[in-house]
Amino acid sequence: MKKILFFVLPIFLACNSSEVEKSKEPIKQNNIVSVNSEEFNTSFSLILKKYYQLKNTFIKEDVPIILKAASELKLAADSLKLNLLSIDSVLKNTAIFTTKNLSDEVVGLIGETNIENMRKSFQIITSDIYDLVRIVKYDKDVIYLQHCPMAFNNKGADWLSNVAEIENPYLPKQMLDCGEVKDSVDYRKYK
């Protein structure tokens with residue numbers, strides 16, 4: 001019995017260590033002044049929407065729907081209006097490179113046949129989108145970087161969410177609420 005307690009206690013602590021208040025609703029404001037054009041923000045919002053849909057399909061563990069959501073994310077990434085960014089050329093080139101990596105990794109995910117390998121690609125996709133959010137300073141929504149320390153045999157893995165509430169796409173059947181908010185990105189400026 002003591003062995004079970006010693007095993008369960010670290011898992012409980014690792015999976016419930018979030019200090020951020022859990023919110024079930026995305027934070028939206030009407031008085032936001034964006035540094036990017038509305039057309040760019042709309043195209044970037046579509047990437048985030050398709051990413052969140054992909055994340056949710058991993059929670060359901062339905063491979064055909066994962067593949068469909070990944071295809072939709074690729075289309076959104078390939079349609080990103082990077083030409084409308086008004087940032088310096090180095091950052092713009094970095095955004096172009098990161099978007100290409102994102103698109104290529106989605107193709108890699110689509111080519112996988114094993115859901116665990118798809119999740120490994122999803123981790124890279126997460127990293128690319130998180131980098132892209134910070135490069136372009138997307139300022140229409142708060143984006144949460146969430147982390148599960150137990151994923152991939154305790155190596156850990158990240159995902160993005162538009163809410164602070166944890167829904168783990170890596171261990172949905174074993175520990176759906178395992179994880180913590182590791183960071184949040186909020187470039188919004190108010191009038």
# chains A, B, ... in the order shown; residues from 1 in each chain; ligands from 1
>>> select_by_dssp(residues="region 19-92 of chain A", states="helix (DSSP H, G or I)", output="JSON, numbers by chain")
{"A": [38, 39, 40, 41, 42, 43, 44, 45, 46, 47, 48, 49, 50, 51, 52, 53, 54, 55, 56, 57, 58, 59, 60, 63, 64, 65, 66, 67, 68, 69, 70, 71, 72, 73, 74, 75, 76, 77, 78, 82, 83, 84, 89, 90, 91, 92]}
>>> closest_atom_pairs(of="region 82-136 of chain A", to="region 152-172 of chain A", cutoff="10 Å", atoms="only C-alpha atoms", output="Markdown table")
| residue | atom | partner | partner_atom | distance |
| --- | --- | --- | --- | --- |
| A:Ile115 | CA | A:Tyr170 | CA | 9.9 |
| A:Glu116 | CA | A:Tyr170 | CA | 8.4 |
| A:Arg119 | CA | A:Tyr170 | CA | 6.8 |
| A:Lys120 | CA | A:Phe152 | CA | 8.5 |
| A:Phe122 | CA | A:Trp159 | CA | 8.2 |
| A:Gln123 | CA | A:Asp158 | CA | 6.3 |
| A:Ile124 | CA | A:Asp158 | CA | 9.1 |
| A:Ile125 | CA | A:Trp159 | CA | 8.9 |
| A:Thr126 | CA | A:Trp159 | CA | 5.6 |
| A:Ser127 | CA | A:Asp158 | CA | 7.8 |
| A:Ile129 | CA | A:Leu160 | CA | 8.5 |
| A:Tyr130 | CA | A:Leu160 | CA | 7.5 |
>>> closest_residue(among="A:Asn117, A:Gln53, A:Asn41, A:Ser79", to="Glu105 (chain A)", atoms="only C-alpha atoms")
A:Asn117
>>> atom_distance(atom1="CA of Leu84 (chain A)", atom2="CA of Val33 (chain A)")
16.5 Å
>>> closest_residue(among="A:Leu145, A:Ala151, A:Ile47, A:Ile59", to="Lys182 (chain A)", atoms="only C-alpha atoms")
A:Leu145
>>> atom_distance(atom1="CA of Leu75 (chain A)", atom2="CA of Asp104 (chain A)")
11.4 Å
>>> decode(residues="region 34-56 of chain A", atoms="N, CA, C and O atoms", output="short mmCIF file (atom, residue, chain, number, x, y, z; two decimals), in the first residue's frame")
data_model
loop_
_atom_site.label_atom_id
_atom_site.label_comp_id
_atom_site.auth_asym_id
_atom_site.auth_seq_id
_atom_site.Cartn_x
_atom_site.Cartn_y
_atom_site.Cartn_z
N SER A 34 -4.67 46.72 -32.43
CA SER A 34 -3.69 45.76 -32.91
C SER A 34 -2.57 46.44 -33.69
O SER A 34 -2.80 47.42 -34.39
N VAL A 35 -1.38 45.87 -33.59
CA VAL A 35 -0.26 46.37 -34.40
C VAL A 35 -0.30 45.77 -35.80
O VAL A 35 0.38 46.25 -36.70
N ASN A 36 -1.07 44.72 -35.99
CA ASN A 36 -1.18 44.05 -37.28
C ASN A 36 -2.51 44.41 -37.95
O ASN A 36 -3.47 44.79 -37.29
N SER A 37 -2.55 44.23 -39.26
CA SER A 37 -3.78 44.52 -39.99
C SER A 37 -4.86 43.51 -39.64
O SER A 37 -4.58 42.39 -39.22
N GLU A 38 -6.09 43.92 -39.84
CA GLU A 38 -7.22 43.02 -39.57
C GLU A 38 -7.15 41.79 -40.46
O GLU A 38 -7.45 40.67 -40.02
N GLU A 39 -6.74 41.98 -41.71
CA GLU A 39 -6.63 40.85 -42.64
C GLU A 39 -5.58 39.85 -42.17
O GLU A 39 -5.79 38.64 -42.21
N PHE A 40 -4.43 40.36 -41.70
CA PHE A 40 -3.41 39.45 -41.16
C PHE A 40 -3.94 38.73 -39.92
O PHE A 40 -3.79 37.51 -39.79
N ASN A 41 -4.54 39.48 -39.02
CA ASN A 41 -5.07 38.88 -37.78
C ASN A 41 -6.11 37.81 -38.08
O ASN A 41 -6.15 36.78 -37.41
N THR A 42 -6.93 38.04 -39.08
CA THR A 42 -7.93 37.03 -39.45
C THR A 42 -7.25 35.76 -39.94
O THR A 42 -7.65 34.65 -39.55
N SER A 43 -6.21 35.89 -40.75
CA SER A 43 -5.52 34.70 -41.25
C SER A 43 -4.77 33.99 -40.13
O SER A 43 -4.71 32.76 -40.09
N PHE A 44 -4.21 34.75 -39.19
CA PHE A 44 -3.51 34.12 -38.06
C PHE A 44 -4.50 33.47 -37.10
O PHE A 44 -4.23 32.39 -36.57
N SER A 45 -5.64 34.11 -36.90
CA SER A 45 -6.69 33.52 -36.05
C SER A 45 -7.14 32.17 -36.59
O SER A 45 -7.45 31.26 -35.82
N LEU A 46 -7.16 32.04 -37.91
CA LEU A 46 -7.55 30.77 -38.51
C LEU A 46 -6.54 29.68 -38.19
O LEU A 46 -6.91 28.54 -37.90
N ILE A 47 -5.25 30.01 -38.21
CA ILE A 47 -4.23 29.03 -37.81
C ILE A 47 -4.47 28.57 -36.38
O ILE A 47 -4.45 27.38 -36.09
N LEU A 48 -4.70 29.52 -35.49
CA LEU A 48 -4.94 29.14 -34.09
C LEU A 48 -6.20 28.30 -33.94
O LEU A 48 -6.21 27.29 -33.22
N LYS A 49 -7.26 28.67 -34.65
CA LYS A 49 -8.51 27.91 -34.58
C LYS A 49 -8.27 26.47 -35.04
O LYS A 49 -8.72 25.52 -34.39
N LYS A 50 -7.56 26.30 -36.15
CA LYS A 50 -7.30 24.96 -36.68
C LYS A 50 -6.34 24.18 -35.76
O LYS A 50 -6.47 22.97 -35.59
N TYR A 51 -5.39 24.88 -35.14
CA TYR A 51 -4.50 24.23 -34.18
C TYR A 51 -5.30 23.72 -32.98
O TYR A 51 -5.12 22.58 -32.54
N TYR A 52 -6.17 24.57 -32.43
CA TYR A 52 -6.97 24.14 -31.27
C TYR A 52 -7.88 22.97 -31.64
O TYR A 52 -8.09 22.06 -30.83
N GLN A 53 -8.41 22.97 -32.85
CA GLN A 53 -9.22 21.83 -33.30
C GLN A 53 -8.36 20.57 -33.36
O GLN A 53 -8.80 19.49 -32.94
N LEU A 54 -7.13 20.69 -33.87
CA LEU A 54 -6.23 19.54 -33.92
C LEU A 54 -5.94 19.04 -32.51
O LEU A 54 -5.99 17.84 -32.24
N LYS A 55 -5.65 19.96 -31.60
CA LYS A 55 -5.40 19.58 -30.20
C LYS A 55 -6.58 18.79 -29.64
O LYS A 55 -6.40 17.74 -29.01
N ASN A 56 -7.79 19.26 -29.91
CA ASN A 56 -8.98 18.58 -29.39
C ASN A 56 -9.19 17.21 -30.01
O ASN A 56 -9.73 16.32 -29.37
#
